[in-house]
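Right, one structure below, let's go through it.
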Amino acid sequence: MTLPTIRTETDLEDVLSTPYEADVEALREVEGDILILGVGGKMGPSLARRIRRSADRAGRTRRVIGVARFSSGGLERALRDSGIETIQSDLLEPGALAALPEAPNVIFMAARKFGTTGEAHLTWAMNTYLPGLVAERYYRSRIVSFSTGNVYPLVPLPTGGATEDTPTAPVGEYAQSALGRERMFEYAAAKYGTAVALLRLNYAIDLRYGVLLDIARRVFERRPVNIGMGLVNVIWQGDANSICLRALLHCQAPPLILNMTGPETVAVRWIAREFGRRFAVEPEFEGTEQASALLNNAARAHRLFGYPLVSLGQMMEWIAAWVEASGLTWDKPTHFETRDGRF
């Protein structure tokens, strides 16, 4: 696949939402409308557009419906202009879910991470209570839910990352509540036979946010890079959304659990030095690499869906050019270096 140069946010949105042939084929097989709960986050808009474009190319008439609070009217208008139906809703409000349309396919993206420390009750409400309500409301639907690799413990570096068979041991209340989300959907699968897929993601990358951007900006701005979490996994957001779309064909009871990330286990120190070479800057480091890290092994997903189509090198090239050009960023650091689970 030939990948274009990304110079503007419009270019970026087009690349993120351009479907792969496998996405189009999946939308030929998936029956019915698709409802995306929490479409207003970092990944939701491009996922909705990818699904819309895939369905159109597949020649299938279906509704793609995005639900969010839509505090910014600009996003809602942009989604509608892309052929996506939108519904403004605070899903935690009484009656909100009952008012939503039926849909045989549900993608659950609503979540809360940052701000957990000090307001943990809101995180538990979004990450555990709400999934329980959604599982009850849409127990007859196929449900793909995003989860996180934070449900795993930090693993020794030589292991190559946690697999889906690694026992969960979440550190901190955010990670615990994320495991609670999984348990709610597992409950629906056990009680009703709801077909579910759970995607444990580490870490999605866009040019406006993500681990690679965090490191690139620190190097470019001559600020020290923390290497306490010495190794990381990353995946291009478009590839992650492609897996999400295609996972609709693999929902099952008990739920299918998949780690979702790229094939590499990458040293933070190496990433910083590669960006340093590009920027002609000698990176500064702080902290000491520890013997464990938050790492996912996504071999099962790669066997099912193939390797991501956007390589680590391509992501780094795009991000370096974006940083040099002062491209728009969302100023949402990942805090990937956090080891105590406090977000």
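Chain labels follow the order of the structure tokens: the first chain is A, the next B, and so on; residue numbering restarts at 1 in every chain, and ligands are counted from 1 in their shown order.
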| said: From a backbone DSSP assignment, name each residue in region 48-178 of chain A labelled alpha helix (DSSP H), as a PyMOL selection string. | reply: chain A and resi 48-58+73-81+120-124+130-137+173-178
Taking C-alpha atoms for each residue, export the selection above as a PDB file, in the first residue's frame.
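Dumped everything to result-v9.pdb:
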```
ATOM      1  CA  ALA A  48     -17.078   6.520  12.043  1.00  0.00           C
ATOM      2  CA  ARG A  49     -15.815   7.923   8.743  1.00  0.00           C
ATOM      3  CA  ARG A  50     -13.909   4.710   7.966  1.00  0.00           C
ATOM      4  CA  ILE A  51     -17.063   2.671   8.551  1.00  0.00           C
ATOM      5  CA  ARG A  52     -19.154   5.048   6.438  1.00  0.00           C
ATOM      6  CA  ARG A  53     -16.673   4.963   3.571  1.00  0.00           C
ATOM      7  CA  SER A  54     -16.290   1.174   3.833  1.00  0.00           C
ATOM      8  CA  ALA A  55     -20.057   0.653   3.696  1.00  0.00           C
ATOM      9  CA  ASP A  56     -20.382   2.979   0.710  1.00  0.00           C
ATOM     10  CA  ARG A  57     -17.629   1.167  -1.173  1.00  0.00           C
ATOM     11  CA  ALA A  58     -19.210  -2.167  -0.284  1.00  0.00           C
ATOM     12  CA  GLY A  73     -20.699  21.700  17.587  1.00  0.00           C
ATOM     13  CA  GLY A  74     -17.996  21.635  14.951  1.00  0.00           C
ATOM     14  CA  LEU A  75     -17.407  17.911  15.311  1.00  0.00           C
ATOM     15  CA  GLU A  76     -21.082  17.052  15.028  1.00  0.00           C
ATOM     16  CA  ARG A  77     -21.414  19.107  11.854  1.00  0.00           C
ATOM     17  CA  ALA A  78     -18.301  17.525  10.376  1.00  0.00           C
ATOM     18  CA  LEU A  79     -19.594  14.020  11.042  1.00  0.00           C
ATOM     19  CA  ARG A  80     -22.971  14.832   9.534  1.00  0.00           C
ATOM     20  CA  ASP A  81     -21.224  16.251   6.465  1.00  0.00           C
ATOM     21  CA  ALA A 120     -12.464   8.073  40.898  1.00  0.00           C
ATOM     22  CA  HIS A 121     -16.259   7.783  41.168  1.00  0.00           C
ATOM     23  CA  LEU A 122     -16.664   9.377  37.721  1.00  0.00           C
ATOM     24  CA  THR A 123     -14.176   6.952  36.216  1.00  0.00           C
ATOM     25  CA  TRP A 124     -15.985   3.963  37.712  1.00  0.00           C
ATOM     26  CA  LEU A 130     -22.201   2.561  31.991  1.00  0.00           C
ATOM     27  CA  PRO A 131     -20.968  -0.616  30.250  1.00  0.00           C
ATOM     28  CA  GLY A 132     -23.327  -2.580  32.486  1.00  0.00           C
ATOM     29  CA  LEU A 133     -26.220  -0.415  31.314  1.00  0.00           C
ATOM     30  CA  VAL A 134     -25.141  -0.728  27.663  1.00  0.00           C
ATOM     31  CA  ALA A 135     -24.793  -4.508  27.965  1.00  0.00           C
ATOM     32  CA  GLU A 136     -28.351  -4.703  29.309  1.00  0.00           C
ATOM     33  CA  ARG A 137     -29.777  -2.323  26.688  1.00  0.00           C
ATOM     34  CA  GLU A 173      -8.405   2.561  39.929  1.00  0.00           C
ATOM     35  CA  TYR A 174      -8.455   3.475  36.240  1.00  0.00           C
ATOM     36  CA  ALA A 175      -7.161   0.043  35.274  1.00  0.00           C
ATOM     37  CA  GLN A 176      -9.454  -1.665  37.786  1.00  0.00           C
ATOM     38  CA  SER A 177     -12.490   0.128  36.377  1.00  0.00           C
ATOM     39  CA  ALA A 178     -11.431  -0.844  32.839  1.00  0.00           C
TER      40      ALA A 178
END
```
Closest contacts (region 211-262 of chain A/region 40-43 of chain A, max 12 Å, only C-alpha atoms) as JSON lines:
```
{"residue": "A:Trp236", "atom": "CA", "partner": "A:Met43", "partner_atom": "CA", "distance": 10.7}
{"residue": "A:Gln237", "atom": "CA", "partner": "A:Met43", "partner_atom": "CA", "distance": 6.9}
{"residue": "A:Gly238", "atom": "CA", "partner": "A:Met43", "partner_atom": "CA", "distance": 8.6}
{"residue": "A:Asp239", "atom": "CA", "partner": "A:Met43", "partner_atom": "CA", "distance": 11.0}
{"residue": "A:Ala240", "atom": "CA", "partner": "A:Met43", "partner_atom": "CA", "distance": 9.0}
{"residue": "A:Asn241", "atom": "CA", "partner": "A:Met43", "partner_atom": "CA", "distance": 7.5}
{"residue": "A:Ser242", "atom": "CA", "partner": "A:Met43", "partner_atom": "CA", "distance": 11.2}
{"residue": "A:Cys244", "atom": "CA", "partner": "A:Met43", "partner_atom": "CA", "distance": 10.8}
```
Just-selected residues, N, CA and C atoms written as an mmCIF file, in the first residue's frame:
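Output contents, as saved in part-v6.cif:
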```cif
data_model
loop_
_atom_site.group_PDB
_atom_site.id
_atom_site.type_symbol
_atom_site.label_atom_id
_atom_site.label_comp_id
_atom_site.auth_asym_id
_atom_site.auth_seq_id
_atom_site.Cartn_x
_atom_site.Cartn_y
_atom_site.Cartn_z
ATOM 1 N N TRP A 236 -0.731 2.452 14.674
ATOM 2 C CA TRP A 236 -1.359 3.561 13.974
ATOM 3 C C TRP A 236 -2.869 3.518 14.216
ATOM 4 N N GLN A 237 -3.455 4.678 14.490
ATOM 5 C CA GLN A 237 -4.875 4.736 14.805
ATOM 6 C C GLN A 237 -5.732 4.129 13.698
ATOM 7 N N GLY A 238 -5.362 4.357 12.458
ATOM 8 C CA GLY A 238 -6.127 3.788 11.348
ATOM 9 C C GLY A 238 -6.118 2.277 11.369
ATOM 10 N N ASP A 239 -4.981 1.681 11.708
ATOM 11 C CA ASP A 239 -4.912 0.222 11.805
ATOM 12 C C ASP A 239 -5.742 -0.289 12.974
ATOM 13 N N ALA A 240 -5.697 0.425 14.107
ATOM 14 C CA ALA A 240 -6.507 0.023 15.262
ATOM 15 C C ALA A 240 -7.991 0.079 14.925
ATOM 16 N N ASN A 241 -8.410 1.140 14.232
ATOM 17 C CA ASN A 241 -9.819 1.252 13.866
ATOM 18 C C ASN A 241 -10.227 0.210 12.834
ATOM 19 N N SER A 242 -9.316 -0.158 11.965
ATOM 20 C CA SER A 242 -9.597 -1.225 11.006
ATOM 21 C C SER A 242 -9.862 -2.546 11.734
ATOM 22 N N CYS A 244 -10.926 -2.845 14.788
ATOM 23 C CA CYS A 244 -12.211 -2.682 15.470
ATOM 24 C C CYS A 244 -13.364 -2.986 14.524
#
```
| task | Give the answer as one residue: which of A:Ala111, A:Ile215, A:Ile205, A:Ala195 has the shortest atom-to-atom distance to Arg181 (chain A), using only C-alpha atoms? | result | A:Ala111
| said: Given only C-alpha atoms as the basis, pick out the residue of A:Trp318, A:Gln290, A:Leu199, A:Thr265 nearest to Thr5 (chain A). | reply: A:Trp318
| note | With distances taken over only C-alpha atoms, the candidate from A:Leu304, A:Arg218, A:Gly313, A:Asn233 nearest Phe285 (chain A) is A:Arg218
